[in-house]
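Listing of input06.cif; format and content: mmCIF, C-alpha atoms and all ligand atoms.
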```cif
data_data
loop_
_atom_site.label_atom_id
_atom_site.label_comp_id
_atom_site.auth_asym_id
_atom_site.auth_seq_id
_atom_site.Cartn_x
_atom_site.Cartn_y
_atom_site.Cartn_z
CA MET A 1 -11.31 -5.24 -27.35
CA ALA A 2 -9.23 -4.14 -24.42
CA LEU A 3 -6.34 -5.70 -22.57
CA ILE A 4 -7.10 -5.68 -18.86
CA VAL A 5 -5.01 -6.81 -15.90
CA GLN A 6 -7.25 -7.82 -13.00
CA LYS A 7 -5.72 -8.19 -9.55
CA TYR A 8 -7.74 -9.97 -6.88
CA GLY A 9 -6.85 -9.51 -3.21
CA GLY A 10 -6.84 -12.05 -0.40
CA THR A 11 -10.47 -11.72 0.65
CA SER A 12 -11.55 -11.92 -2.97
CA VAL A 13 -9.96 -15.38 -3.26
CA GLY A 14 -10.43 -16.26 0.42
CA THR A 15 -12.57 -19.39 -0.17
CA THR A 16 -13.05 -21.80 -3.07
CA GLU A 17 -16.53 -20.33 -3.46
CA ARG A 18 -15.05 -16.87 -3.94
CA ILE A 19 -12.45 -18.25 -6.35
CA ARG A 20 -15.32 -19.63 -8.41
CA ASN A 21 -16.96 -16.22 -8.38
CA VAL A 22 -13.72 -14.61 -9.51
CA ALA A 23 -13.59 -17.11 -12.38
CA ARG A 24 -17.15 -16.18 -13.35
CA ARG A 25 -16.25 -12.51 -13.37
CA ILE A 26 -13.20 -13.14 -15.54
CA ALA A 27 -15.26 -15.35 -17.87
CA LYS A 28 -17.68 -12.45 -18.32
CA TRP A 29 -14.83 -10.17 -19.46
CA ARG A 30 -13.40 -12.83 -21.76
CA ARG A 31 -16.76 -13.56 -23.36
CA ALA A 32 -17.18 -9.85 -24.05
CA GLY A 33 -14.02 -10.16 -26.15
CA HIS A 34 -11.45 -8.66 -23.79
CA GLN A 35 -8.00 -10.06 -23.13
CA VAL A 36 -7.43 -10.62 -19.44
CA VAL A 37 -4.35 -11.27 -17.32
CA VAL A 38 -5.18 -12.20 -13.73
CA VAL A 39 -3.04 -11.63 -10.66
CA PRO A 40 -4.33 -13.18 -7.43
CA SER A 41 -2.99 -12.73 -3.91
CA ALA A 42 -2.84 -15.57 -1.42
CA MET A 43 -6.09 -16.52 0.34
CA SER A 44 -6.76 -14.03 3.13
CA GLY A 45 -4.80 -14.80 6.30
CA GLU A 46 -2.53 -17.23 4.50
CA THR A 47 0.55 -15.00 4.22
CA ASN A 48 0.26 -14.18 7.93
CA ARG A 49 -0.02 -17.87 8.71
CA LEU A 50 3.08 -18.68 6.68
CA ILE A 51 5.10 -15.90 8.30
CA GLY A 52 3.88 -17.18 11.69
CA LEU A 53 5.22 -20.65 10.89
CA ALA A 54 8.59 -19.17 10.00
CA ARG A 55 8.67 -17.25 13.28
CA GLU A 56 7.96 -20.44 15.22
CA ILE A 57 11.22 -21.78 13.85
CA GLN A 58 13.28 -18.59 14.05
CA SER A 59 12.12 -15.50 15.94
CA GLU A 60 13.95 -13.31 13.40
CA PRO A 61 13.60 -15.53 10.31
CA ASP A 62 16.32 -15.76 7.73
CA LEU A 63 14.97 -13.43 5.06
CA ARG A 64 15.87 -15.54 2.05
CA GLU A 65 14.06 -18.55 3.49
CA LEU A 66 11.19 -16.42 4.74
CA ASP A 67 10.50 -15.39 1.13
CA VAL A 68 10.58 -19.01 0.04
CA VAL A 69 7.87 -19.73 2.61
CA ALA A 70 5.79 -16.54 2.33
CA SER A 71 5.56 -16.71 -1.46
CA THR A 72 3.80 -20.09 -1.45
CA GLY A 73 0.34 -18.72 -0.67
CA GLU A 74 0.06 -17.27 -4.15
CA GLN A 75 1.13 -20.52 -5.78
CA VAL A 76 -1.99 -22.13 -4.34
CA THR A 77 -4.39 -19.48 -5.61
CA ILE A 78 -3.00 -19.34 -9.16
CA GLY A 79 -3.53 -23.09 -9.49
CA LEU A 80 -7.01 -23.03 -7.99
CA LEU A 81 -8.06 -20.05 -10.05
CA ALA A 82 -6.75 -21.54 -13.30
CA MET A 83 -8.76 -24.68 -12.50
CA ALA A 84 -11.87 -22.66 -11.77
CA LEU A 85 -11.48 -20.86 -15.10
CA LYS A 86 -11.08 -24.11 -16.98
CA ALA A 87 -14.18 -25.40 -15.22
CA GLN A 88 -15.96 -22.36 -16.72
CA GLY A 89 -14.74 -23.29 -20.17
CA ILE A 90 -12.13 -20.53 -20.22
CA GLU A 91 -8.63 -21.43 -21.28
CA ALA A 92 -6.19 -20.45 -18.58
CA ARG A 93 -2.66 -21.17 -17.44
CA SER A 94 -1.04 -20.45 -14.09
CA TYR A 95 2.44 -18.97 -13.68
CA THR A 96 4.60 -18.32 -10.65
CA GLY A 97 6.65 -15.12 -10.65
CA TRP A 98 9.78 -17.04 -11.64
CA GLN A 99 8.05 -18.89 -14.48
CA VAL A 100 7.09 -15.57 -16.05
CA ARG A 101 10.30 -14.09 -14.92
CA VAL A 102 9.32 -11.19 -12.81
CA VAL A 103 12.87 -10.07 -12.09
CA THR A 104 13.53 -8.17 -8.87
CA ASP A 105 16.47 -6.94 -6.86
CA SER A 106 17.65 -9.09 -3.95
CA ALA A 107 16.07 -7.17 -1.05
CA PHE A 108 14.26 -10.15 0.43
CA THR A 109 10.78 -9.35 1.85
CA LYS A 110 10.77 -5.95 0.12
CA ALA A 111 12.19 -6.59 -3.31
CA ARG A 112 11.62 -4.17 -6.16
CA ILE A 113 10.62 -5.27 -9.63
CA GLN A 114 13.33 -4.52 -12.18
CA GLY A 115 11.84 -6.08 -15.26
CA ILE A 116 9.22 -8.47 -16.55
CA ASP A 117 9.59 -10.84 -19.47
CA GLU A 118 6.14 -10.57 -20.97
CA HIS A 119 6.67 -12.75 -24.05
CA ARG A 120 5.01 -15.87 -22.75
CA LEU A 121 2.05 -13.88 -21.52
CA ARG A 122 1.68 -12.18 -24.89
CA ALA A 123 1.75 -15.54 -26.64
CA ASP A 124 -0.97 -16.83 -24.31
CA LEU A 125 -3.11 -13.78 -24.87
CA ALA A 126 -2.76 -14.12 -28.62
CA ALA A 127 -3.86 -17.74 -28.28
CA GLY A 128 -6.93 -16.79 -26.24
CA ILE A 129 -5.50 -18.07 -22.96
CA VAL A 130 -5.91 -16.23 -19.66
CA PRO A 131 -2.54 -16.13 -17.87
CA VAL A 132 -2.96 -16.34 -14.10
CA VAL A 133 0.20 -14.87 -12.58
CA ALA A 134 1.11 -15.13 -8.91
CA GLY A 135 1.24 -11.74 -7.24
CA PHE A 136 3.75 -10.71 -4.57
CA GLN A 137 6.64 -12.81 -5.88
CA GLY A 138 9.59 -12.60 -8.20
CA ILE A 139 13.08 -13.90 -8.71
CA ASP A 140 16.38 -12.07 -8.35
CA GLY A 141 19.36 -12.16 -10.70
CA ASP A 142 20.85 -15.12 -8.81
CA GLY A 143 17.68 -17.18 -9.06
CA ASN A 144 16.50 -16.59 -5.50
CA VAL A 145 12.78 -16.33 -4.76
CA THR A 146 11.82 -12.85 -3.56
CA THR A 147 8.66 -11.17 -2.31
CA LEU A 148 7.61 -7.59 -2.87
CA GLY A 149 6.54 -6.48 0.61
CA ARG A 150 3.14 -6.84 2.23
CA GLY A 151 0.35 -5.93 -0.11
CA GLY A 152 2.77 -6.47 -2.99
CA SER A 153 0.33 -8.16 -5.36
CA ASP A 154 -0.99 -4.71 -6.19
CA THR A 155 2.46 -3.90 -7.49
CA SER A 156 2.65 -7.18 -9.42
CA GLY A 157 -0.64 -6.28 -11.10
CA VAL A 158 0.39 -2.76 -12.04
CA ALA A 159 3.86 -3.83 -13.17
CA LEU A 160 2.35 -6.47 -15.44
CA ALA A 161 -0.09 -3.90 -16.79
CA ALA A 162 2.84 -1.60 -17.51
CA ALA A 163 4.89 -4.33 -19.17
CA LEU A 164 1.95 -5.39 -21.34
CA LYS A 165 0.81 -1.80 -21.97
CA ALA A 166 -2.62 -2.85 -20.78
CA ASP A 167 -5.56 -0.51 -21.20
CA GLU A 168 -6.38 -0.69 -17.51
CA CYS A 169 -5.29 -2.35 -14.29
CA GLN A 170 -8.27 -3.22 -12.12
CA ILE A 171 -7.60 -3.83 -8.44
CA PHE A 172 -10.49 -5.94 -7.17
CA THR A 173 -10.78 -5.86 -3.39
CA ASP A 174 -13.20 -6.12 -0.48
CA VAL A 175 -14.28 -2.46 -0.65
CA ASP A 176 -15.86 -0.86 -3.69
CA GLY A 177 -13.20 1.81 -4.14
CA VAL A 178 -10.99 4.31 -2.41
CA TYR A 179 -12.77 6.05 0.45
CA THR A 180 -12.19 9.32 2.26
CA THR A 181 -10.67 7.15 4.97
CA ASP A 182 -10.66 3.47 5.92
CA PRO A 183 -14.38 2.61 6.15
CA ARG A 184 -13.53 0.08 8.86
CA ILE A 185 -12.63 2.96 11.16
CA VAL A 186 -15.17 5.53 10.00
CA PRO A 187 -18.39 3.97 8.73
CA GLU A 188 -19.48 7.36 7.34
CA ALA A 189 -16.45 7.43 5.02
CA ARG A 190 -17.45 8.17 1.44
CA ARG A 191 -16.26 6.51 -1.73
CA LEU A 192 -14.38 8.80 -4.10
CA ARG A 193 -15.32 8.43 -7.75
CA GLN A 194 -11.88 9.66 -8.70
CA ILE A 195 -8.71 10.59 -6.89
CA THR A 196 -5.63 12.17 -8.41
CA PHE A 197 -2.60 10.03 -8.77
CA GLU A 198 -0.66 12.51 -6.61
CA GLU A 199 -3.16 12.21 -3.76
CA MET A 200 -3.30 8.44 -4.03
CA LEU A 201 0.47 8.34 -3.79
CA GLU A 202 0.32 10.32 -0.55
CA MET A 203 -2.59 8.28 0.85
CA ALA A 204 -0.76 5.02 0.13
CA SER A 205 2.56 6.23 1.46
CA LEU A 206 0.88 7.51 4.62
CA GLY A 207 -0.70 4.18 5.41
CA SER A 208 -3.89 3.60 3.37
CA LYS A 209 -3.44 -0.08 2.70
CA VAL A 210 -6.00 -0.17 -0.09
CA LEU A 211 -3.10 0.13 -2.58
CA GLN A 212 0.53 -0.69 -1.93
CA ILE A 213 2.61 2.46 -2.38
CA ARG A 214 4.85 0.92 -4.99
CA SER A 215 1.90 0.00 -7.17
CA VAL A 216 0.92 3.67 -7.26
CA GLU A 217 4.51 4.69 -8.02
CA PHE A 218 4.59 2.22 -10.89
CA ALA A 219 1.26 3.42 -12.23
CA GLY A 220 2.60 6.97 -12.20
CA LYS A 221 5.87 6.15 -13.84
CA TYR A 222 4.35 4.08 -16.63
CA GLN A 223 1.04 5.94 -16.89
CA VAL A 224 -1.03 2.88 -16.10
CA ARG A 225 -4.74 3.55 -15.86
CA LEU A 226 -5.66 2.22 -12.42
CA ARG A 227 -9.05 1.47 -10.90
CA VAL A 228 -10.01 0.09 -7.49
CA LEU A 229 -13.29 -1.83 -7.41
CA SER A 230 -15.20 -4.49 -5.52
CA SER A 231 -14.88 -8.22 -6.05
CA LEU A 232 -17.82 -8.86 -3.76
CA THR A 233 -20.56 -7.68 -6.11
CA ASP A 234 -22.54 -10.15 -8.21
CA PRO A 235 -19.99 -11.62 -10.65
CA ASP A 236 -22.62 -11.43 -13.38
CA LEU A 237 -23.05 -7.68 -12.86
CA ASP A 238 -23.48 -5.88 -16.18
CA LEU A 239 -19.99 -5.39 -17.63
CA ASP A 240 -20.42 -1.75 -18.62
CA THR A 241 -21.61 -0.92 -15.13
CA GLU A 242 -18.69 -2.78 -13.60
CA ALA A 243 -16.19 -1.12 -15.96
CA LYS A 244 -17.22 2.30 -14.64
CA SER A 245 -17.54 1.34 -10.98
CA GLY A 246 -15.14 1.93 -8.10
CA THR A 247 -12.51 4.66 -8.00
CA LEU A 248 -10.38 5.75 -10.92
CA ILE A 249 -6.91 7.09 -10.17
CA THR A 250 -6.60 10.03 -12.54
CA PHE A 251 -3.53 11.79 -13.77
CA GLU A 252 -5.06 15.20 -13.97
CA GLU A 253 -7.69 17.07 -12.09
CA ASP A 254 -10.55 17.49 -14.49
CA GLU A 255 -13.60 19.68 -14.23
CA HIS A 256 -15.70 16.78 -13.01
CA MET A 257 -13.42 16.24 -10.09
CA GLU A 258 -14.83 16.82 -6.65
CA GLN A 259 -13.64 20.16 -5.36
CA ALA A 260 -12.86 19.24 -1.77
CA VAL A 261 -9.90 20.80 0.03
CA ILE A 262 -9.16 17.53 1.79
CA SER A 263 -9.62 14.33 -0.17
CA GLY A 264 -8.84 11.83 2.50
CA ILE A 265 -7.36 10.87 5.83
CA ALA A 266 -4.71 8.18 6.02
CA PHE A 267 -3.18 6.61 9.09
CA ALA A 268 -0.36 4.28 9.93
CA ARG A 269 -0.53 2.25 13.11
CA ASP A 270 2.74 0.47 12.98
CA GLU A 271 5.09 3.33 13.66
CA ALA A 272 7.78 3.89 16.27
CA LYS A 273 9.67 6.96 17.39
CA LEU A 274 13.31 7.13 18.44
CA THR A 275 15.03 10.09 20.06
CA VAL A 276 18.72 10.67 20.55
CA MET A 277 18.99 13.18 23.38
CA GLY A 278 21.70 15.70 24.08
CA VAL A 279 23.66 15.35 20.85
CA PRO A 280 26.44 17.94 20.41
CA ASP A 281 25.03 20.34 17.80
CA ARG A 282 27.63 20.29 15.04
CA PRO A 283 27.79 19.56 11.30
CA GLY A 284 27.51 15.91 10.39
CA VAL A 285 25.39 14.84 13.34
CA ALA A 286 22.28 14.01 11.32
CA TYR A 287 24.39 11.94 8.99
CA ALA A 288 26.19 10.20 11.87
CA ILE A 289 22.82 9.16 13.31
CA LEU A 290 20.82 8.38 10.20
CA GLY A 291 23.62 6.97 8.03
CA PRO A 292 23.86 3.67 9.94
CA VAL A 293 20.05 3.42 10.06
CA ALA A 294 19.83 3.83 6.29
CA ASP A 295 22.67 1.34 5.81
CA ALA A 296 20.54 -1.21 7.67
CA ASN A 297 17.82 -0.65 5.03
CA ILE A 298 15.44 0.89 7.57
CA ASP A 299 13.08 3.54 6.20
CA VAL A 300 13.18 6.73 8.22
CA ASP A 301 10.13 8.91 7.99
CA MET A 302 9.54 12.05 10.05
CA ILE A 303 12.63 13.76 11.39
CA ILE A 304 12.78 16.53 13.97
CA GLN A 305 15.84 18.23 15.34
CA ASN A 306 15.59 20.73 18.16
CA ALA A 307 18.56 22.91 19.00
CA SER A 308 18.77 23.89 22.64
CA VAL A 309 20.64 26.77 24.25
CA ASP A 310 23.47 24.67 25.68
CA GLY A 311 24.77 23.76 22.22
CA SER A 312 23.25 20.30 22.24
CA THR A 313 20.29 19.02 20.30
CA ASP A 314 17.58 16.35 20.53
CA PHE A 315 17.13 14.37 17.37
CA SER A 316 13.91 12.38 16.79
CA PHE A 317 12.66 10.31 13.89
CA THR A 318 10.13 7.61 13.13
CA VAL A 319 10.61 4.15 11.61
CA PRO A 320 8.25 1.25 10.86
CA ARG A 321 7.49 -0.54 14.12
CA GLY A 322 8.87 -3.80 12.76
CA ASP A 323 12.29 -2.16 12.54
CA PHE A 324 12.14 -0.58 16.01
CA ASN A 325 14.39 -3.04 17.85
CA ARG A 326 17.01 -3.00 15.16
CA ALA A 327 16.96 0.80 15.02
CA MET A 328 17.30 1.04 18.82
CA ALA A 329 20.30 -1.28 18.76
CA ILE A 330 21.95 0.82 16.04
CA LEU A 331 21.32 4.04 17.98
CA GLU A 332 22.87 2.60 21.12
CA GLN A 333 26.07 2.16 19.17
CA VAL A 334 25.79 5.57 17.54
CA ARG A 335 25.18 7.21 20.93
CA THR A 336 28.69 6.68 22.22
CA HIS A 337 30.15 7.57 18.85
CA VAL A 338 28.40 10.98 18.65
CA GLY A 339 28.60 11.63 22.38
CA ALA A 340 24.85 11.81 23.00
CA ARG A 341 23.31 11.71 26.46
CA ALA A 342 20.63 9.06 25.94
CA VAL A 343 18.50 7.19 23.44
CA VAL A 344 14.80 6.76 24.10
CA GLY A 345 12.21 4.94 22.05
CA ASP A 346 8.44 4.78 21.92
CA ASN A 347 6.78 2.09 19.85
CA ARG A 348 3.23 2.99 20.79
CA ILE A 349 2.70 5.86 18.42
CA CYS A 350 0.79 6.25 15.18
CA LYS A 351 0.62 8.74 12.36
CA VAL A 352 -2.52 10.44 11.12
CA SER A 353 -2.42 12.43 7.89
CA MET A 354 -4.78 14.61 5.90
CA VAL A 355 -4.28 14.66 2.13
CA GLY A 356 -5.68 16.92 -0.56
CA VAL A 357 -4.46 18.85 -3.59
CA GLY A 358 -6.86 21.59 -2.48
CA MET A 359 -4.43 22.45 0.33
CA ARG A 360 -2.31 24.24 -2.23
CA SER A 361 -4.93 26.94 -2.60
CA HIS A 362 -6.34 27.03 0.93
CA VAL A 363 -4.79 28.34 4.10
CA GLY A 364 -5.61 27.49 7.69
CA ILE A 365 -5.98 23.74 7.21
CA ALA A 366 -3.18 22.90 9.61
CA SER A 367 -4.47 25.16 12.35
CA ARG A 368 -7.96 23.70 11.96
CA MET A 369 -6.49 20.23 12.23
CA PHE A 370 -4.51 21.12 15.36
CA ARG A 371 -7.53 22.82 16.95
CA THR A 372 -9.73 19.78 16.27
CA LEU A 373 -7.21 17.47 17.91
CA SER A 374 -6.64 19.78 20.88
CA GLU A 375 -10.39 19.97 21.54
CA GLU A 376 -10.26 16.22 22.09
CA GLY A 377 -7.21 16.48 24.35
CA ILE A 378 -5.01 14.69 21.83
CA ASN A 379 -1.36 15.66 22.19
CA ILE A 380 0.61 16.09 18.94
CA GLN A 381 4.14 14.71 19.24
CA MET A 382 5.48 15.47 15.77
CA ILE A 383 4.26 17.34 12.71
CA SER A 384 5.30 17.20 9.11
CA THR A 385 3.81 18.87 6.07
CA SER A 386 4.16 18.95 2.34
CA GLU A 387 2.24 20.88 -0.28
CA ILE A 388 -0.68 18.46 -0.24
CA LYS A 389 -0.53 16.75 3.16
CA ILE A 390 -0.20 17.32 6.90
CA SER A 391 0.84 14.48 9.16
CA VAL A 392 0.90 14.29 12.93
CA VAL A 393 2.29 11.67 15.27
CA VAL A 394 0.07 10.91 18.26
CA ASP A 395 -0.21 8.22 20.92
CA GLU A 396 -1.65 5.11 19.28
CA LYS A 397 -4.53 5.04 21.75
CA TYR A 398 -5.94 8.14 20.03
CA LEU A 399 -5.80 6.81 16.50
CA GLU A 400 -9.50 6.02 15.95
CA LEU A 401 -10.63 9.13 17.79
CA ALA A 402 -8.31 11.39 15.82
CA VAL A 403 -9.39 9.99 12.46
CA ARG A 404 -13.09 10.21 13.35
CA VAL A 405 -13.02 13.79 14.65
CA LEU A 406 -10.97 15.02 11.71
CA HIS A 407 -13.26 13.27 9.25
CA ARG A 408 -16.20 15.07 10.81
CA ALA A 409 -14.48 18.44 11.25
CA PHE A 410 -13.56 18.57 7.57
CA ASP A 411 -17.01 17.36 6.43
CA LEU A 412 -15.55 14.43 4.57
CA ASP A 413 -18.79 12.52 4.94
CA GLN A 414 -20.54 15.22 2.87
CA GLN A 415 -20.47 15.32 -0.90
CA PRO A 416 -18.47 18.46 -1.79
CA ALA A 417 -20.33 21.24 -3.60
P1 LIG A 501 -6.72 -6.89 -0.62
O1 LIG A 501 -6.57 -8.14 0.16
O2 LIG A 501 -7.83 -6.93 -1.62
O3 LIG A 501 -5.43 -6.42 -1.21
P2 LIG A 501 -6.44 -4.93 1.48
O4 LIG A 501 -6.87 -5.37 2.83
O5 LIG A 501 -4.99 -4.91 1.17
O6 LIG A 501 -7.23 -5.80 0.42
O7 LIG A 501 -7.01 -3.47 1.14
C1 LIG A 501 -8.40 -3.22 1.26
C2 LIG A 501 -8.67 -2.61 2.62
O8 LIG A 501 -8.04 -1.35 2.70
C3 LIG A 501 -10.12 -2.31 2.90
O9 LIG A 501 -10.80 -3.43 3.42
C4 LIG A 501 -10.04 -1.16 3.90
O10 LIG A 501 -10.25 -1.60 5.22
C5 LIG A 501 -8.60 -0.67 3.78
N1 LIG A 501 -8.51 0.77 3.54
C6 LIG A 501 -7.66 1.60 4.17
N2 LIG A 501 -7.82 2.85 3.76
C7 LIG A 501 -8.78 2.83 2.81
C8 LIG A 501 -9.39 3.83 2.00
N3 LIG A 501 -9.03 5.12 2.07
N4 LIG A 501 -10.34 3.45 1.14
C9 LIG A 501 -10.71 2.16 1.03
N5 LIG A 501 -10.18 1.17 1.79
C10 LIG A 501 -9.23 1.49 2.68
N1 LIG A 502 -0.31 -12.09 0.05
C1 LIG A 502 0.56 -10.95 0.21
C2 LIG A 502 0.27 -10.26 1.53
O1 LIG A 502 -0.57 -10.70 2.28
C3 LIG A 502 0.47 -10.00 -0.94
C4 LIG A 502 -0.83 -9.28 -1.10
O2 LIG A 502 -1.83 -9.65 -0.49
O3 LIG A 502 -0.88 -8.32 -1.87
O4 LIG A 502 0.90 -9.27 1.83
MG MG A 503 -3.81 -5.40 -0.43
#
```
For the structure just supplied, provide its representation as structure tokens.
Amino acid sequence: MALIVQKYGGTSVGTTERIRNVARRIAKWRRAGHQVVVVPSAMSGETNRLIGLAREIQSEPDLRELDVVASTGEQVTIGLLAMALKAQGIEARSYTGWQVRVVTDSAFTKARIQGIDEHRLRADLAAGIVPVVAGFQGIDGDGNVTTLGRGGSDTSGVALAAALKADECQIFTDVDGVYTTDPRIVPEARRLRQITFEEMLEMASLGSKVLQIRSVEFAGKYQVRLRVLSSLTDPDLDLDTEAKSGTLITFEEDEHMEQAVISGIAFARDEAKLTVMGVPDRPGVAYAILGPVADANIDVDMIIQNASVDGSTDFSFTVPRGDFNRAMAILEQVRTHVGARAVVGDNRICKVSMVGVGMRSHVGIASRMFRTLSEEGINIQMISTSEIKISVVVDEKYLELAVRVLHRAFDLDQQPA
């Protein structure tokens, strides 16, 4: 008997028919003797709809109230799924994040989980009940409702698996695993049987929405065995087959691991670039510019500083596009303070990244990447590298093209030898 946390994404619970199928799948695991905790997302499109409603009232919604609204989608699916399970003869009970007590910090719309009280869930499991816990939501120390950032149900699932010391956390979604890149952009993308935790962390942080970055961080920190698999197969699929399907996130490279140099290509559409031009080049400038941006809780990603001969420097960095206007406003204030010439912004950029632990032992990957892009006339605006990834910023109109040509150039559609 194993203890499994199963997270089901929006498409997987997108209709009542699909919710019934999810219940059948869970019933199969229960009847095989496993303990199951289920974490559904809201029905697909629902969280967007709720955020849209909030924006109709306030163009920049009050974040506390936005979380109150946005978290309701999951309350619907836990109830429906618990009903569907009961209709299957499976004992189940729904819980919101605050009923469990998924405690988070108070960063509305991007709260972090600080602790989970798992006692009630353990009691249910011992009594043969399937707890159905709302993903994406929690409660802060003052009793406010919080949400965990878009895609946050993945993190709810993994955090619950960690708290319960589950044998595995299964992320059921609308693709049958982690692919070499988003199969919606490159139909030839190939499913990976395994990917290292380190690579998955990079892929997620560089934009692969198949897993929320924080869920991967959690899995790493608490050594949660994590698998991504399809919810769209026949719910009565043989359990042993299903248990081995999808993509396993592994902690170590083993000898069965595919030996590709590049494991995948990730991209992020919603990026923006800001440049402070003609900043006097002296100590403290980077801090003077980025300090106020960080204080506003805006994540800064790539940073480039170019010194010029006249003792001034241009300072560029990227932020999530949703934070672009706020970041521009902050820089306008900073500009006078640091004595910069101008501030310019571009919110029509994207980031394309290649990821692979094999980069550690292979040279020439970056130059091959740059050559491939140049052959297509794609201008690279920024570059950043780490041991296992190379990222470039390009005009957003080249996103699909860049991903496709790189996928082909690095033979990612071919099974590695
Ligand atoms: P869910 O609602 O189940 O959480 P998401 O839409 O958040 O599903 O994540 C699944 C989607 O992630 C897929 O439909 C796919 O388009 C996208 N995706 C992006 N990169 C990858 C990748 N490397 N492998 C698989 N899917 C990916
Ligand atoms: N429903 C939330 C969202 O759309 C959480 C999730 O799907 O993981 O972002
Ligand atoms: Mg998701």
Do you know which residues are at most 8 Å from segment 129-133 of chain A counting all atoms listed in the file, after dropping those on the same chain fewer than 5 positions away, and could you put them as a PyMOL selection string? chain A and resi 35-40+78+81-82+90-97+100+121+124
Cut-off 6 Å, all atoms listed in the file, neighbours of ligand LIG 501 (chain A) as a list in words: Gly9, Gly10, Thr11, Gly151, Thr173, Asp174, Val175, Gly177, Val178, Tyr179, Thr180, Thr181, Asp182, Pro183, Arg184, Ser208, Lys209 and Val210 of chain A
Within 10 Å of ligand LIG 502 (chain A), counting only C-alpha atoms and all ligand atoms: which residues, as a ChimeraX atom specification? /A:7-11,39-51,70-74,109,134-137,147-157,209-212
For Gln259 of chain A: contacts at 12 Å, only C-alpha atoms, fewer than 5 positions along chain excluded, given as a PyMOL selection string: chain A and resi 192+194-196+253-254+356-359+361-362+412+414-417
Could you tell me how far atom CA of Arg360 of chain A lies from atom CA of Glu387 of chain A, in Å and to one decimal? 6.0 Å
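Counting only C-alpha atoms and all ligand atoms, the residue from A:Ala204, A:Val22, A:Ile380, A:Ala2 that sits nearest to ligand MG 503 (chain A) is A:Ala204.
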Could you check which of A:Ile171, A:Ala111, A:Ala342, A:Val68 is closest to ligand MG 503 (chain A), using only C-alpha atoms and all ligand atoms?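 Using only C-alpha atoms and all ligand atoms, the shortest distance to ligand MG 503 (chain A) belongs to A:Ile171.
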